[in-house]
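For reference, the structure discussed in these notes is given below.
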Amino acid sequence: MMFDPKAIMVAAAFLASKIEDATVNVHDLVKGTEEMQALVSAPDIIVAELHLLCGVDKDLMCHHPYKTVLAYTEDLRTYLKSERGRKAVMSTSVPGESSSRTPVIVSGEDLRPMHDNARLIVEDICVSDVPLMYTPGQIGLAAMLVANEDLKKKRDENAEKEKAEASTSYVKIDLSSYVKYRFEGRSEKEHALLKIQMNELMAMLGELKDGKYGCGNHGIDMGALKVVHKKLKKCRRWGDISGKDENKKKKKKKRKAESG
């Protein structure tokens with residue numbers, strides 16, 4: 001291992017603050033690492049930042065699922081206003097009762113709960129191993145699908161409470177029709193593959209709250225983290241070539257002194 005992962009991590013945060021035009025003082029980062037009992041000095045952060053820039057070949061464009069969720073939400077809003085899209089909207093006067101497919105005009109506010117819920121799911125995704133296995137586009141779409149299903153379940157769970165309020169009404173959206181519309185130019189084989197990928201990814205996202213797939217927001221095993229932390233302490237020694245040379249020189253001097 002040539003670089004200390006802790007230094008690279010802090011350097012990435014430092015570089016990101018510059019890109020977003022909200023530069024964080026490097027000494028504040030040092031203080032933060034010290035409070036976390038994983039001290040990374042300012043010189044180490046600066047050096048790691050240079051290595052990081054070289055490693056990404058100065059390409060600082062970052063593609064993440066947040067923008068994908070926003071793009072799908074805006075596209076869905078436009079789709080639901082079309083004649084075909086209106087058929088995907090189901091109006092339910094009281095939870096638990098049958099839905100009617102009478103034409104319903106969906107506004108941006110109607111999609112806000114789905115969008116906000118999808119963003120919360122993405123927050124868990126970004127601190128897991130999922131981004132290493134799927135593209136931002138796939139993750140964003142799956143997050144929207146999971147968010148929509150979660151909203152349906154929550155509304156069904158509150159069915160008894162909502163029945164007491166006669167004026168209560170809400171909108172159900174059939175996202176499967178939107179997915180077919182969005183990818184209607186693809187072959188049947190591609191549609192089948194997309195369905196399999198979405199089902200697999202949705203199942204994975206449902207398990208993030210159990211701490212699976214390395215999700216750092218849930219089910220953190222502090223014992224395992226301490227073991228990793230101890231291993232990371234050796235990283236600087238492994239990657240420090242000059243340090244290795246110095247150790248070799250010391251050993252040679254020691255041998256000469258013993259032989260002499």
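Chains: A, B, ... in order of the structure tokens. Residues: from 1 per chain. Ligands: from 1, in order shown.
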
Determine, using only C-alpha atoms, which residues of range 103-148 of chain A have any atom at most 12 Å from an atom of range 178-185 of chain A, and tabulate each with its shortest atom pair and distance in Å to one decimal place, rows ordered by chain and then rising number, as CSV.
residue,atom,partner,partner_atom,distance
A:Gln138,CA,A:Val179,CA,11.7
A:Leu141,CA,A:Val179,CA,8.8
A:Ala142,CA,A:Val179,CA,10.7
A:Met144,CA,A:Val179,CA,10.8
A:Leu145,CA,A:Val179,CA,9.7

- Item | Those in range 6-192 of chain A with strand (DSSP E) from DSSP, as number ranges by chain | A: 89-92, 170-173

Output file for the selection above: N, CA and C atoms, as a CSV table (one decimal), in the first residue's frame:
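The resulting again.csv:
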chain,number,residue,atom,x,y,z
A,89,VAL,N,-51.1,7.3,-13.0
A,89,VAL,CA,-51.5,7.9,-11.7
A,89,VAL,C,-52.8,7.4,-11.2
A,90,MET,N,-52.8,6.9,-10.0
A,90,MET,CA,-54.0,6.4,-9.3
A,90,MET,C,-54.4,7.2,-8.2
A,91,SER,N,-55.6,7.7,-8.2
A,91,SER,CA,-56.1,8.6,-7.1
A,91,SER,C,-56.8,7.7,-6.1
A,92,THR,N,-56.4,7.8,-4.8
A,92,THR,CA,-57.0,7.0,-3.7
A,92,THR,C,-57.6,8.0,-2.7
A,170,TYR,N,-54.7,10.9,-1.5
A,170,TYR,CA,-53.3,10.9,-1.9
A,170,TYR,C,-53.2,10.2,-3.3
A,171,VAL,N,-52.0,10.3,-3.8
A,171,VAL,CA,-51.8,9.8,-5.2
A,171,VAL,C,-50.8,8.7,-5.2
A,172,LYS,N,-51.1,7.6,-5.9
A,172,LYS,CA,-50.2,6.5,-6.1
A,172,LYS,C,-49.7,6.6,-7.6
A,173,ILE,N,-48.4,6.3,-7.7
A,173,ILE,CA,-47.8,6.4,-9.0
A,173,ILE,C,-47.2,5.0,-9.4

Report as a Markdown table the residues of range 114-232 of chain A within 8 Å of range 61-68 of chain A, each with its shortest atom pair and distance in Å (one decimal), using only C-alpha atoms, ordered by chain and increasing residue number.
| residue | atom | partner | partner_atom | distance |
| --- | --- | --- | --- | --- |
| A:Arg119 | CA | A:Tyr66 | CA | 6.5 |
| A:Val122 | CA | A:Pro65 | CA | 6.7 |
| A:Pro136 | CA | A:Pro65 | CA | 4.6 |
| A:Gly137 | CA | A:Thr68 | CA | 5.9 |
| A:Ile139 | CA | A:Pro65 | CA | 6.2 |
| A:Gly140 | CA | A:Pro65 | CA | 4.9 |
| A:Leu141 | CA | A:Thr68 | CA | 7.5 |

Any chance you can output those residues with C-alpha atoms as a short mmCIF file (atom, residue, chain, number, x, y, z; two decimals), in the first residue's frame?
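File again-v4.cif, as written:
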data_model
loop_
_atom_site.label_atom_id
_atom_site.label_comp_id
_atom_site.auth_asym_id
_atom_site.auth_seq_id
_atom_site.Cartn_x
_atom_site.Cartn_y
_atom_site.Cartn_z
CA ARG A 119 -32.17 11.19 -1.44
CA VAL A 122 -28.72 7.67 -1.62
CA PRO A 136 -25.07 6.34 -10.71
CA GLY A 137 -27.93 6.02 -13.23
CA ILE A 139 -28.56 3.53 -8.40
CA GLY A 140 -30.68 6.66 -8.87
CA LEU A 141 -33.48 4.75 -10.61
#

Looking only at helix (DSSP H, G or I) from DSSP on the backbone, list the matching residues of range 11-109 of chain A as a short mmCIF file (atom, residue, chain, number, x, y, z; two decimals) with N, CA and C atoms, in the first residue's frame.
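Produced file part_5.cif, reproduced below:
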data_model
loop_
_atom_site.label_atom_id
_atom_site.label_comp_id
_atom_site.auth_asym_id
_atom_site.auth_seq_id
_atom_site.Cartn_x
_atom_site.Cartn_y
_atom_site.Cartn_z
N ALA A 11 -7.71 14.29 2.53
CA ALA A 11 -7.32 15.11 1.38
C ALA A 11 -8.47 15.23 0.38
N ALA A 12 -9.24 14.15 0.21
CA ALA A 12 -10.40 14.18 -0.69
C ALA A 12 -11.44 15.18 -0.18
N ALA A 13 -11.66 15.21 1.14
CA ALA A 13 -12.60 16.17 1.72
C ALA A 13 -12.09 17.60 1.54
N PHE A 14 -10.78 17.78 1.71
CA PHE A 14 -10.17 19.10 1.54
C PHE A 14 -10.29 19.58 0.10
N LEU A 15 -10.02 18.68 -0.84
CA LEU A 15 -10.11 19.02 -2.26
C LEU A 15 -11.56 19.29 -2.66
N ALA A 16 -12.49 18.49 -2.13
CA ALA A 16 -13.91 18.68 -2.45
C ALA A 16 -14.40 20.04 -1.98
N SER A 17 -13.92 20.48 -0.82
CA SER A 17 -14.33 21.80 -0.32
C SER A 17 -13.86 22.92 -1.24
N LYS A 18 -12.70 22.73 -1.85
CA LYS A 18 -12.20 23.73 -2.81
C LYS A 18 -13.04 23.74 -4.08
N ILE A 19 -13.39 22.55 -4.55
CA ILE A 19 -14.17 22.44 -5.79
C ILE A 19 -15.54 23.08 -5.62
N VAL A 26 -7.39 23.79 6.51
CA VAL A 26 -6.73 22.50 6.69
C VAL A 26 -6.50 22.19 8.17
N HIS A 27 -6.32 23.24 8.99
CA HIS A 27 -6.09 23.03 10.42
C HIS A 27 -7.37 22.52 11.11
N ASP A 28 -8.54 22.90 10.55
CA ASP A 28 -9.79 22.38 11.09
C ASP A 28 -9.91 20.88 10.82
N LEU A 29 -9.43 20.47 9.65
CA LEU A 29 -9.43 19.04 9.32
C LEU A 29 -8.49 18.26 10.23
N VAL A 30 -7.34 18.86 10.49
CA VAL A 30 -6.37 18.22 11.40
C VAL A 30 -6.98 18.06 12.79
N LYS A 31 -7.65 19.11 13.25
CA LYS A 31 -8.29 19.06 14.57
C LYS A 31 -9.38 17.98 14.61
N GLY A 32 -10.12 17.87 13.50
CA GLY A 32 -11.18 16.85 13.42
C GLY A 32 -10.62 15.44 13.49
N THR A 33 -9.52 15.21 12.78
CA THR A 33 -8.90 13.87 12.82
C THR A 33 -8.32 13.57 14.19
N GLU A 34 -7.84 14.62 14.86
CA GLU A 34 -7.28 14.44 16.20
C GLU A 34 -8.39 14.04 17.19
N GLU A 35 -9.56 14.68 17.06
CA GLU A 35 -10.69 14.36 17.94
C GLU A 35 -11.19 12.94 17.69
N ALA A 42 -1.19 18.38 8.81
CA ALA A 42 -1.42 19.26 7.66
C ALA A 42 -0.48 18.94 6.50
N PRO A 43 0.83 18.74 6.75
CA PRO A 43 1.72 18.38 5.63
C PRO A 43 1.30 17.09 4.93
N ASP A 44 0.83 16.11 5.72
CA ASP A 44 0.39 14.84 5.13
C ASP A 44 -0.84 15.05 4.25
N ILE A 45 -1.73 15.95 4.68
CA ILE A 45 -2.95 16.23 3.90
C ILE A 45 -2.58 16.89 2.57
N ILE A 46 -1.64 17.85 2.62
CA ILE A 46 -1.23 18.56 1.40
C ILE A 46 -0.56 17.60 0.41
N VAL A 47 0.32 16.76 0.92
CA VAL A 47 1.01 15.79 0.05
C VAL A 47 0.01 14.80 -0.54
N ALA A 48 -0.92 14.33 0.30
CA ALA A 48 -1.93 13.37 -0.16
C ALA A 48 -2.83 14.00 -1.21
N GLU A 49 -3.10 15.30 -1.06
CA GLU A 49 -3.94 16.01 -2.05
C GLU A 49 -3.27 16.01 -3.42
N LEU A 50 -1.95 16.22 -3.45
CA LEU A 50 -1.21 16.22 -4.71
C LEU A 50 -1.22 14.82 -5.34
N HIS A 51 -1.04 13.79 -4.52
CA HIS A 51 -1.11 12.41 -5.02
C HIS A 51 -2.50 12.10 -5.56
N LEU A 52 -3.50 12.61 -4.88
CA LEU A 52 -4.89 12.37 -5.30
C LEU A 52 -5.17 13.03 -6.65
N LEU A 53 -4.69 14.25 -6.83
CA LEU A 53 -4.88 14.96 -8.10
C LEU A 53 -4.20 14.22 -9.24
N CYS A 54 -3.01 13.72 -8.98
CA CYS A 54 -2.29 12.95 -10.01
C CYS A 54 -3.01 11.63 -10.30
N GLY A 55 -3.56 11.03 -9.25
CA GLY A 55 -4.23 9.75 -9.41
C GLY A 55 -5.48 9.82 -10.27
N PRO A 65 -25.32 9.66 -7.56
CA PRO A 65 -26.75 9.41 -7.75
C PRO A 65 -27.67 10.58 -7.41
N TYR A 66 -27.17 11.58 -6.66
CA TYR A 66 -28.04 12.68 -6.26
C TYR A 66 -28.63 13.40 -7.48
N LYS A 67 -27.76 13.69 -8.45
CA LYS A 67 -28.23 14.38 -9.65
C LYS A 67 -29.15 13.48 -10.48
N THR A 68 -28.88 12.18 -10.43
CA THR A 68 -29.72 11.23 -11.16
C THR A 68 -31.13 11.22 -10.60
N VAL A 69 -31.24 11.24 -9.27
CA VAL A 69 -32.56 11.27 -8.62
C VAL A 69 -33.31 12.53 -9.02
N LEU A 70 -32.62 13.67 -9.02
CA LEU A 70 -33.26 14.93 -9.41
C LEU A 70 -33.70 14.89 -10.86
N ALA A 71 -32.83 14.35 -11.74
CA ALA A 71 -33.15 14.28 -13.17
C ALA A 71 -34.36 13.37 -13.42
N TYR A 72 -34.40 12.22 -12.76
CA TYR A 72 -35.53 11.30 -12.92
C TYR A 72 -36.82 11.93 -12.39
N THR A 73 -36.72 12.68 -11.29
CA THR A 73 -37.91 13.33 -10.72
C THR A 73 -38.48 14.36 -11.68
N GLU A 74 -37.62 15.17 -12.28
CA GLU A 74 -38.07 16.18 -13.24
C GLU A 74 -38.65 15.52 -14.48
N ASP A 75 -38.00 14.46 -14.95
CA ASP A 75 -38.49 13.76 -16.13
C ASP A 75 -39.83 13.07 -15.85
N LEU A 76 -39.97 12.51 -14.64
CA LEU A 76 -41.21 11.86 -14.25
C LEU A 76 -42.35 12.87 -14.17
N ARG A 77 -42.06 14.05 -13.66
CA ARG A 77 -43.08 15.10 -13.57
C ARG A 77 -43.60 15.48 -14.95
N THR A 78 -42.67 15.59 -15.92
CA THR A 78 -43.07 15.90 -17.29
C THR A 78 -43.88 14.76 -17.90
N TYR A 79 -43.44 13.52 -17.63
CA TYR A 79 -44.13 12.33 -18.18
C TYR A 79 -45.56 12.22 -17.65
N LEU A 80 -45.75 12.50 -16.37
CA LEU A 80 -47.07 12.36 -15.75
C LEU A 80 -48.07 13.41 -16.24
N LYS A 81 -47.57 14.45 -16.89
CA LYS A 81 -48.46 15.46 -17.45
C LYS A 81 -48.96 15.06 -18.84
N GLU A 83 -50.54 12.51 -21.84
CA GLU A 83 -51.74 11.67 -21.86
C GLU A 83 -51.42 10.24 -21.42
N ARG A 84 -50.27 9.75 -21.85
CA ARG A 84 -49.86 8.39 -21.47
C ARG A 84 -49.50 8.32 -20.00
N GLY A 85 -48.86 9.38 -19.51
CA GLY A 85 -48.43 9.40 -18.12
C GLY A 85 -49.57 9.49 -17.13
N ARG A 86 -50.66 10.12 -17.53
CA ARG A 86 -51.81 10.24 -16.62
C ARG A 86 -52.41 8.89 -16.25
N GLY A 108 -45.31 19.22 -8.83
CA GLY A 108 -43.99 18.90 -8.31
C GLY A 108 -44.01 18.54 -6.84
N GLU A 109 -44.94 19.16 -6.07
CA GLU A 109 -45.05 18.88 -4.65
C GLU A 109 -45.50 17.46 -4.38
#

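Coordinates place CA of Ala118 in chain A at a distance of 5.2 Å from CA of Ala147 in chain A.
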
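Distance-wise, CA of His115 in chain A and CA of Leu151 in chain A end up 10.8 Å apart.
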
- Near-Gly214 in chain A list (8 Å; only C-alpha atoms; drop same-chain fewer than 6 positions) as a list of chain:residue names: A:Val127, A:Ser128, A:Asp129

- Query: Counting only C-alpha atoms, what is within 10 Å of Asp210 in chain A, bar same-chain residues fewer than 5 positions away, as a ChimeraX atom specification?
  - Reply: /A:205,215,217-220

Could you turn the residues from that selection into a file that holds C-alpha atoms, as an mmCIF file, in the first residue's frame?
data_model
loop_
_atom_site.group_PDB
_atom_site.id
_atom_site.type_symbol
_atom_site.label_atom_id
_atom_site.label_comp_id
_atom_site.auth_asym_id
_atom_site.auth_seq_id
_atom_site.Cartn_x
_atom_site.Cartn_y
_atom_site.Cartn_z
ATOM 1 C CA LEU A 205 -30.824 -1.152 -0.904
ATOM 2 C CA CYS A 215 -22.968 0.854 4.898
ATOM 3 C CA ASN A 217 -24.673 4.788 8.561
ATOM 4 C CA HIS A 218 -26.135 1.656 10.140
ATOM 5 C CA GLY A 219 -24.926 -1.306 12.177
ATOM 6 C CA ILE A 220 -21.365 -0.084 12.675
#
